[in-house]
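Here the structure is laid out as structure tokens; the discussion comes afterwards.
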Amino acid sequence: MTVGNMESAELFDAGKKGRGLRATKELTAGEVVFAEPSFSAVVFDSLATQVCHSCFRHQANLHRCAQCKFAHYCDRTCQTACWDEHKQECGAIKKISKVPSENVRLAARVLWRIHKDTGIVSDSQLISVDQLQDHVADLSEEDLKQLKTDVHTFLEYWSCGRQQHSADYISHIFGIIKCNGFTLSDQRGLQAVGVGLFPNLCLVNHDCWPNCTVILNHGNQAAVSSALHSKRRIELRALGKISEGEELTVSYVDFLNLSADRQRKLKERFHFECSCEHCSQHIKDDLMMAAADSEGNKPSADQVKEVTAFSKDCLEKIERSRIEKDYHQVMKLCCECLEKQGNILADTNLYKLRVLSVASEVLSYLQSFPEAAKYARRMVEGYTKLYHPSNAQLGMAIMRAGVIHWHAGQIEVGHSMICKAYAILLITHGPNHAITRDLESMRVQTEMELKMFKQNECEYHTMRDAALKNQPMISSS
């Protein structure tokens with residue numbers, strides 16, 4: 001698909017939701033509805049030296065811009081590709097001898113782009129950037145205070161000699177970024193590394209159970225010929241069959257929250273009341289707060305209330321210990337919490353799932369893979385009952401669980417999970433994404449190991465143990 005091509009989607013009046021996009025033809029699972037390069041994007045301040053400012057890949061040994069000494073790139077190719085975006089920023093940073101926050105840098109990049117190309121940069125862009133909603137009038141007192149600070153910093157950063165803007169217009173740009181900024185992940189999908197503005201994507205309305213998903217394609221700057229290079233872009237992908245004329249939707253928040261909590265988050269961040277089917281009918285809320293039902297013996301409401309309160313408190317302690325990197329304390333707290341939850345909370349209960357997720361992640365980090373696998377399997381079973389079957393986060397969770405089982409020597413379960421994850425990520429990410437390619441390699445490797453396991457289980461484990469110890473294997477034959 002040509003980047004920016006909007007042949008599969010069109011703008012329409014979505015009633016109370018305002019404008020929206022709908023399909024102009026029937027779409028199938030995994031099909032790219034449209035791809036869109038960023039109007040502007042920046043790397044988060046905290047990762048400025050660890051992530052390429054052009055392709056947003058997490059890399060070691062990045063090369064620093066010799067002039068501003070702030071921007072970092074994979075190589076000369078990435079730096080050249082990003083120069084149009086960076087050159088004004090480079091001069092501004094040198095002039096004031098300091099780097100402002102990512103919000104200020106993104107606002108400046110947006111305005112520099114508007115000055116250079118106007119608010120519409122291609123025939124396929126359906127709306128000008130400065131026509132996007134800002135919701136400044138809906139901001140809280142605390143947010144307005146931060147906005148005032150950002151505008152003041154921006155005016156310091158915005159070098160003299162360029163077109164000047166009123167504080168109201170600059171506030172409008174900041175409001176647009178706050179409401180419409182799209183978080184960018186690294187090439188493995190493991191960490192949020194930046195934020196960008198994608199005007200056409202901003203027209204896709206929210207649904208908690210959407211028919212599309214959005215992923216970042218980091219582009220390709222590795223080809224010898226620059227004619228074969230491709231830009232960083234987002235891709236809107238269909239999660240299943242979408243009929244011609246059907247509205248295209250994505251989820252702005254993680255589904256793994258109670259409907260009331262999702263509605264609150266959407267109201268706070270995006271300033272609208274979600275009335276989608278899953279919110280209005282509270283679909284799956286019962287599972288997310290479910291009590292255990294062990295052989296027909298249900299705990300009392302008071303027991304559930306007490307354990308839920310204990311879980312909330314424990315999760316706060318777990319998070320503090322994670323920040324302090326006290327992983328043994330994290331596991332102590334997780335075990336205490338899971339024991340308390342025991343036969344009181346179901347395995348689909350959000351509080352139990354959050355503890356299971358942390359436990360499997362930390363034990364995996366500590367390389368206690370057999371124990372991590374027990375928690376990961378329970379977590380995936382709960383997630384599968386809650387998430388959309390083609391949800392990208394479900395796919396990533398199953399992938400991690402599969403890798404944990406593989407490392408634990410449980411090759412049958414590991415391979416099965418990796419295959420399930422691959423099927424999901426083929427839809428959400430496509431076959432050429434770095435994550436999917438890695439997963440395909442793992443699928444092939446585990447399939448080969450599974451064949452060896454079935455042929456001779458004892459020899460397989462001998463081979464595996466030798467590989468883990470990095471020792472030559474002595475064949476049993």
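Order determines the names: the first chain of the structure tokens is A, the second B, and so forth; residues in each chain are numbered 1 upward, and ligands are numbered 1 upward as they are shown.
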
Close residues, segment 66-81 of chain A itself excluded, 7 Å, only C-alpha atoms, min 6 positions apart in chain, as a ChimeraX atom specification: /A:48-49,52-55,90,93-94,221

Pull the closest atom pair for each residue of segment 190-298 of chain A that gets at most 8 Å from segment 14-28 of chain A, along with the distance in Å to one decimal, counting only C-alpha atoms, ordering rows by chain and then ascending residue number, as a tab-separated table.
```
residue	atom	partner	partner_atom	distance
A:Leu203	CA	A:Gly20	CA	5.3
A:Val204	CA	A:Gly20	CA	5.5
A:Asn205	CA	A:Gly20	CA	5.9
A:Ala238	CA	A:Thr28	CA	6.4
A:Leu239	CA	A:Thr28	CA	7.7
A:Gly240	CA	A:Thr28	CA	5.6
A:Lys241	CA	A:Thr28	CA	4.5
A:Ile242	CA	A:Leu27	CA	5.0
A:Ser243	CA	A:Glu26	CA	4.6
A:Glu244	CA	A:Lys25	CA	4.3
A:Gly245	CA	A:Ala23	CA	5.1
A:Glu246	CA	A:Arg22	CA	5.4
A:Glu247	CA	A:Arg22	CA	4.1
A:Leu248	CA	A:Arg22	CA	5.1
```

Using backbone DSSP assignments, extract all alpha helix (DSSP H) residues from segment 269-475 of chain A; output them as a ChimeraX atom specification. /A:269-270,277-280,285-288,301-323,327-341,350-365,369-386,392-407,411-428,434-455,457-468

Can you list, as a ChimeraX atom specification, every protein, DNA or RNA residue that comes within 12 Å of Gly196 of chain A when you count only C-alpha atoms, leaving out same-chain residues fewer than 6 positions away? /A:36-44,53-54,56,102-103,105-107,109-110,176-185,202,216,232-234

Could you write those residues out with N, CA, C and O atoms, as a compact mmCIF listing (two decimals), in the first residue's frame?
```txt
# COMPACT_ATOMS: atom_id res chain seq x y z
N GLU A 36 0.02 6.20 7.35
CA GLU A 36 0.19 7.66 7.39
C GLU A 36 1.50 8.04 8.07
O GLU A 36 1.74 7.65 9.22
N PRO A 37 2.38 8.78 7.38
CA PRO A 37 3.59 9.27 8.05
C PRO A 37 3.22 10.34 9.07
O PRO A 37 2.17 10.98 8.95
N SER A 38 4.05 10.53 10.07
CA SER A 38 3.74 11.53 11.10
C SER A 38 3.85 12.93 10.51
O SER A 38 4.71 13.21 9.68
N PHE A 39 2.96 13.81 10.96
CA PHE A 39 3.10 15.23 10.63
C PHE A 39 4.32 15.77 11.36
O PHE A 39 5.13 16.49 10.80
N SER A 40 4.44 15.39 12.63
CA SER A 40 5.62 15.70 13.45
C SER A 40 5.67 14.68 14.58
O SER A 40 4.64 14.16 14.99
N ALA A 41 6.89 14.41 15.08
CA ALA A 41 7.06 13.46 16.19
C ALA A 41 8.35 13.76 16.93
O ALA A 41 9.30 14.29 16.35
N VAL A 42 8.38 13.41 18.22
CA VAL A 42 9.59 13.60 19.03
C VAL A 42 9.78 12.40 19.94
O VAL A 42 8.83 11.72 20.34
N VAL A 43 11.04 12.16 20.31
CA VAL A 43 11.41 11.13 21.29
C VAL A 43 11.21 11.71 22.69
O VAL A 43 11.43 12.90 22.92
N PHE A 44 10.78 10.86 23.63
CA PHE A 44 10.63 11.32 25.02
C PHE A 44 11.97 11.80 25.57
O PHE A 44 13.03 11.23 25.26
N HIS A 53 16.22 9.41 16.90
CA HIS A 53 15.24 10.48 16.73
C HIS A 53 14.62 10.48 15.33
O HIS A 53 13.73 11.29 15.07
N SER A 54 15.04 9.57 14.48
CA SER A 54 14.47 9.46 13.14
C SER A 54 13.52 8.27 13.02
O SER A 54 12.35 8.43 12.71
N PHE A 56 12.94 5.95 15.56
CA PHE A 56 12.39 5.62 16.87
C PHE A 56 12.70 4.18 17.30
O PHE A 56 11.98 3.59 18.08
N GLU A 102 9.48 17.48 25.87
CA GLU A 102 9.00 16.91 24.60
C GLU A 102 7.74 17.62 24.08
O GLU A 102 7.55 17.77 22.87
N ASN A 103 6.89 18.09 24.99
CA ASN A 103 5.67 18.80 24.56
C ASN A 103 6.02 20.09 23.82
O ASN A 103 5.43 20.42 22.79
N ARG A 105 8.95 20.79 22.41
CA ARG A 105 9.65 20.44 21.16
C ARG A 105 8.67 20.00 20.08
O ARG A 105 8.82 20.38 18.92
N LEU A 106 7.65 19.22 20.48
CA LEU A 106 6.67 18.78 19.47
C LEU A 106 5.84 19.95 18.97
O LEU A 106 5.57 20.07 17.76
N ALA A 107 5.42 20.84 19.86
CA ALA A 107 4.65 22.02 19.44
C ALA A 107 5.45 22.86 18.44
O ALA A 107 4.92 23.34 17.44
N ARG A 109 7.92 21.79 16.50
CA ARG A 109 8.03 21.04 15.24
C ARG A 109 6.75 21.14 14.42
O ARG A 109 6.79 21.27 13.19
N VAL A 110 5.62 21.10 15.09
CA VAL A 110 4.33 21.24 14.40
C VAL A 110 4.24 22.60 13.72
O VAL A 110 3.87 22.70 12.54
N ILE A 176 -4.11 20.57 21.02
CA ILE A 176 -4.20 19.55 19.95
C ILE A 176 -3.29 18.37 20.27
O ILE A 176 -3.67 17.21 20.14
N ILE A 177 -2.07 18.68 20.70
CA ILE A 177 -1.10 17.62 21.02
C ILE A 177 -1.60 16.78 22.20
O ILE A 177 -1.52 15.55 22.17
N LYS A 178 -2.11 17.44 23.23
CA LYS A 178 -2.57 16.72 24.42
C LYS A 178 -3.71 15.77 24.09
O LYS A 178 -3.76 14.64 24.59
N CYS A 179 -4.64 16.21 23.23
CA CYS A 179 -5.81 15.38 22.90
C CYS A 179 -5.56 14.38 21.78
O CYS A 179 -6.25 13.37 21.70
N ASN A 180 -4.61 14.68 20.91
CA ASN A 180 -4.46 13.88 19.68
C ASN A 180 -3.11 13.20 19.52
O ASN A 180 -2.92 12.44 18.57
N GLY A 181 -2.18 13.46 20.44
CA GLY A 181 -0.85 12.85 20.33
C GLY A 181 -0.94 11.33 20.42
O GLY A 181 -1.66 10.79 21.25
N PHE A 182 -0.21 10.66 19.54
CA PHE A 182 -0.20 9.19 19.50
C PHE A 182 1.14 8.70 20.04
O PHE A 182 2.20 9.11 19.58
N THR A 183 1.08 7.82 21.05
CA THR A 183 2.30 7.30 21.67
C THR A 183 2.99 6.31 20.73
O THR A 183 2.35 5.40 20.19
N LEU A 184 4.29 6.50 20.53
CA LEU A 184 5.08 5.66 19.64
C LEU A 184 5.90 4.66 20.44
O LEU A 184 6.54 5.03 21.42
N SER A 185 5.88 3.38 20.01
CA SER A 185 6.64 2.34 20.70
C SER A 185 7.92 2.03 19.94
O SER A 185 8.05 2.34 18.76
N CYS A 202 -6.31 10.89 13.74
CA CYS A 202 -7.11 11.65 14.71
C CYS A 202 -8.60 11.62 14.38
O CYS A 202 -9.44 11.90 15.24
N LEU A 216 2.90 1.14 14.87
CA LEU A 216 3.93 1.98 14.27
C LEU A 216 4.84 1.11 13.42
O LEU A 216 5.40 0.13 13.90
N ARG A 232 8.97 6.34 8.44
CA ARG A 232 8.27 5.96 9.66
C ARG A 232 6.80 6.33 9.49
O ARG A 232 6.46 7.40 9.00
N ARG A 233 5.89 5.43 9.88
CA ARG A 233 4.47 5.68 9.65
C ARG A 233 3.62 4.82 10.59
O ARG A 233 4.08 3.80 11.10
N ILE A 234 2.39 5.24 10.80
CA ILE A 234 1.44 4.36 11.50
C ILE A 234 0.65 3.60 10.44
O ILE A 234 0.51 4.06 9.29
```

Among listed residues A:Val151, A:Ile170, A:Val99, A:Leu190, nearest His58 of chain A (using only C-alpha atoms):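 Distance minimum relative to His58 of chain A lands on A:Leu190.
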
Identify, on the basis of only C-alpha atoms, every residue whose closest approach to Leu426 of chain A does not exceed 10 Å; exclude the query and any residue fewer than 6 positions from it along the same chain; express the result as a list in words.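 So the residues in contact are Ala29, Gly30, Glu31, Ser390, Ala392, Gly395, Asn432, His433, Ile435, Thr436, Arg437, Leu439 and Glu440 of chain A.
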
Export, as a PDB file, in the first residue's frame, the selected residues with N, CA, C and O atoms.
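Wrote selection_9.pdb, looks like this:
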```pdb
ATOM      1  N   ALA A  29      -9.454  -9.274   7.848  1.00  0.00           N
ATOM      2  CA  ALA A  29      -8.550  -9.246   9.000  1.00  0.00           C
ATOM      3  C   ALA A  29      -7.096  -9.078   8.556  1.00  0.00           C
ATOM      4  O   ALA A  29      -6.626  -9.791   7.668  1.00  0.00           O
ATOM      5  N   GLY A  30      -6.397  -8.128   9.163  1.00  0.00           N
ATOM      6  CA  GLY A  30      -4.992  -7.889   8.855  1.00  0.00           C
ATOM      7  C   GLY A  30      -4.756  -6.926   7.715  1.00  0.00           C
ATOM      8  O   GLY A  30      -3.617  -6.510   7.476  1.00  0.00           O
ATOM      9  N   GLU A  31      -5.816  -6.535   7.014  1.00  0.00           N
ATOM     10  CA  GLU A  31      -5.651  -5.632   5.875  1.00  0.00           C
ATOM     11  C   GLU A  31      -5.323  -4.220   6.362  1.00  0.00           C
ATOM     12  O   GLU A  31      -5.909  -3.719   7.324  1.00  0.00           O
ATOM     13  N   SER A 390      -8.326 -10.752  18.677  1.00  0.00           N
ATOM     14  CA  SER A 390      -7.226 -10.246  17.845  1.00  0.00           C
ATOM     15  C   SER A 390      -6.574  -9.008  18.452  1.00  0.00           C
ATOM     16  O   SER A 390      -5.970  -8.207  17.744  1.00  0.00           O
ATOM     17  N   ALA A 392      -3.862  -6.756  20.082  1.00  0.00           N
ATOM     18  CA  ALA A 392      -2.396  -6.781  20.013  1.00  0.00           C
ATOM     19  C   ALA A 392      -1.768  -7.058  21.380  1.00  0.00           C
ATOM     20  O   ALA A 392      -0.768  -7.772  21.479  1.00  0.00           O
ATOM     21  N   GLY A 395      -1.912 -10.676  22.049  1.00  0.00           N
ATOM     22  CA  GLY A 395      -0.884 -11.350  21.269  1.00  0.00           C
ATOM     23  C   GLY A 395       0.494 -11.225  21.895  1.00  0.00           C
ATOM     24  O   GLY A 395       1.249 -12.201  21.980  1.00  0.00           O
ATOM     25  N   ASN A 432       5.702  -8.245   8.048  1.00  0.00           N
ATOM     26  CA  ASN A 432       7.008  -7.606   7.877  1.00  0.00           C
ATOM     27  C   ASN A 432       7.462  -6.782   9.079  1.00  0.00           C
ATOM     28  O   ASN A 432       8.559  -6.219   9.063  1.00  0.00           O
ATOM     29  N   HIS A 433       6.631  -6.696  10.117  1.00  0.00           N
ATOM     30  CA  HIS A 433       7.020  -5.948  11.307  1.00  0.00           C
ATOM     31  C   HIS A 433       8.118  -6.706  12.047  1.00  0.00           C
ATOM     32  O   HIS A 433       8.166  -7.945  12.033  1.00  0.00           O
ATOM     33  N   ILE A 435       8.596  -7.316  15.148  1.00  0.00           N
ATOM     34  CA  ILE A 435       8.086  -8.232  16.170  1.00  0.00           C
ATOM     35  C   ILE A 435       7.617  -9.533  15.524  1.00  0.00           C
ATOM     36  O   ILE A 435       7.927 -10.635  16.000  1.00  0.00           O
ATOM     37  N   THR A 436       6.874  -9.420  14.428  1.00  0.00           N
ATOM     38  CA  THR A 436       6.347 -10.611  13.755  1.00  0.00           C
ATOM     39  C   THR A 436       7.472 -11.448  13.169  1.00  0.00           C
ATOM     40  O   THR A 436       7.429 -12.684  13.214  1.00  0.00           O
ATOM     41  N   ARG A 437       8.487 -10.775  12.621  1.00  0.00           N
ATOM     42  CA  ARG A 437       9.628 -11.515  12.071  1.00  0.00           C
ATOM     43  C   ARG A 437      10.367 -12.279  13.170  1.00  0.00           C
ATOM     44  O   ARG A 437      10.770 -13.430  12.991  1.00  0.00           O
ATOM     45  N   LEU A 439       9.045 -13.331  15.908  1.00  0.00           N
ATOM     46  CA  LEU A 439       8.134 -14.400  16.337  1.00  0.00           C
ATOM     47  C   LEU A 439       8.150 -15.566  15.351  1.00  0.00           C
ATOM     48  O   LEU A 439       8.083 -16.733  15.753  1.00  0.00           O
ATOM     49  N   GLU A 440       8.249 -15.254  14.064  1.00  0.00           N
ATOM     50  CA  GLU A 440       8.330 -16.304  13.049  1.00  0.00           C
ATOM     51  C   GLU A 440       9.603 -17.133  13.245  1.00  0.00           C
ATOM     52  O   GLU A 440       9.580 -18.367  13.141  1.00  0.00           O
TER      53      GLU A 440
END
```

Using only C-alpha atoms, which of A:Trp83, A:Tyr252, A:Trp406, A:Tyr351 sits nearest Pro370 of chain A? A:Trp406

Could you tell me how far atom CA of Lys265 of chain A sits from atom CA of Leu287 of chain A, in Å to one decimal place?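 Pair atom CA of Leu287 of chain A / atom CA of Lys265 of chain A returns 20.2 Å.
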
Could you give me the residues within segment 143-272 of chain A that DSSP places in strand (DSSP E or B), as a ChimeraX atom specification? /A:182-185,192-197,205-206,212-217,220,230,233-238,242,247,249-250

File dump, residues just selected, N, CA and C atoms, as a tab-separated table (two decimals), in the first residue's frame:
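Output saved as part-v7.tsv:
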```
chain	number	residue	atom	x	y	z
A	182	PHE	N	-0.21	10.66	19.54
A	182	PHE	CA	-0.20	9.19	19.50
A	182	PHE	C	1.14	8.70	20.04
A	183	THR	N	1.08	7.82	21.05
A	183	THR	CA	2.30	7.30	21.67
A	183	THR	C	2.99	6.31	20.73
A	184	LEU	N	4.29	6.50	20.53
A	184	LEU	CA	5.08	5.66	19.64
A	184	LEU	C	5.90	4.66	20.44
A	185	SER	N	5.88	3.38	20.01
A	185	SER	CA	6.64	2.34	20.70
A	185	SER	C	7.92	2.03	19.94
A	192	ALA	N	7.16	2.52	25.34
A	192	ALA	CA	6.75	3.78	24.72
A	192	ALA	C	7.97	4.68	24.66
A	193	VAL	N	8.30	5.19	23.48
A	193	VAL	CA	9.55	5.95	23.32
A	193	VAL	C	9.34	7.38	22.82
A	194	GLY	N	8.12	7.73	22.39
A	194	GLY	CA	7.91	9.08	21.88
A	194	GLY	C	6.45	9.36	21.62
A	195	VAL	N	6.20	10.51	21.03
A	195	VAL	CA	4.82	10.90	20.71
A	195	VAL	C	4.81	11.61	19.36
A	196	GLY	N	3.75	11.38	18.59
A	196	GLY	CA	3.65	11.99	17.27
A	196	GLY	C	2.22	12.42	16.96
A	197	LEU	N	2.09	13.21	15.93
A	197	LEU	CA	0.79	13.70	15.50
A	197	LEU	C	0.50	13.17	14.10
A	205	ASN	N	-12.60	7.39	15.30
A	205	ASN	CA	-13.24	7.47	16.61
A	205	ASN	C	-12.95	6.23	17.46
A	206	HIS	N	-13.25	6.40	18.76
A	206	HIS	CA	-12.98	5.36	19.75
A	206	HIS	C	-14.13	4.37	19.89
A	212	CYS	N	-10.53	-2.00	14.40
A	212	CYS	CA	-9.20	-1.74	13.85
A	212	CYS	C	-8.18	-1.58	14.99
A	213	THR	N	-6.92	-1.68	14.63
A	213	THR	CA	-5.84	-1.40	15.57
A	213	THR	C	-4.79	-0.55	14.87
A	214	VAL	N	-3.96	0.13	15.65
A	214	VAL	CA	-2.92	1.00	15.08
A	214	VAL	C	-1.56	0.51	15.54
A	215	ILE	N	-0.62	0.38	14.61
A	215	ILE	CA	0.75	0.04	14.99
A	215	ILE	C	1.71	1.02	14.30
A	216	LEU	N	2.90	1.14	14.87
A	216	LEU	CA	3.93	1.98	14.27
A	216	LEU	C	4.84	1.11	13.42
A	217	ASN	N	4.96	1.46	12.14
A	217	ASN	CA	5.94	0.83	11.26
A	217	ASN	C	7.14	1.78	11.23
A	220	ASN	N	12.13	1.75	6.74
A	220	ASN	CA	13.35	1.06	6.37
A	220	ASN	C	14.34	2.05	5.77
A	230	SER	N	11.89	3.64	3.21
A	230	SER	CA	10.49	3.94	3.51
A	230	SER	C	10.41	4.73	4.80
A	233	ARG	N	5.89	5.43	9.88
A	233	ARG	CA	4.47	5.68	9.65
A	233	ARG	C	3.62	4.82	10.59
A	234	ILE	N	2.39	5.24	10.80
A	234	ILE	CA	1.44	4.36	11.50
A	234	ILE	C	0.65	3.60	10.44
A	235	GLU	N	0.16	2.43	10.82
A	235	GLU	CA	-0.72	1.65	9.95
A	235	GLU	C	-2.00	1.34	10.70
A	236	LEU	N	-3.13	1.64	10.09
A	236	LEU	CA	-4.43	1.27	10.64
A	236	LEU	C	-4.79	-0.07	10.01
A	237	ARG	N	-4.96	-1.11	10.85
A	237	ARG	CA	-5.20	-2.46	10.35
A	237	ARG	C	-6.55	-2.98	10.82
A	238	ALA	N	-7.25	-3.67	9.95
A	238	ALA	CA	-8.54	-4.27	10.29
A	238	ALA	C	-8.33	-5.49	11.18
A	242	ILE	N	-14.69	-6.11	7.91
A	242	ILE	CA	-15.37	-4.82	8.06
A	242	ILE	C	-16.16	-4.58	6.77
A	247	GLU	N	-18.30	2.15	10.12
A	247	GLU	CA	-17.36	3.08	10.74
A	247	GLU	C	-16.10	2.35	11.20
A	249	THR	N	-13.05	2.09	13.80
A	249	THR	CA	-12.82	2.50	15.19
A	249	THR	C	-11.53	1.87	15.73
A	250	VAL	N	-10.93	2.57	16.69
A	250	VAL	CA	-9.80	2.04	17.45
A	250	VAL	C	-10.09	2.30	18.92
```
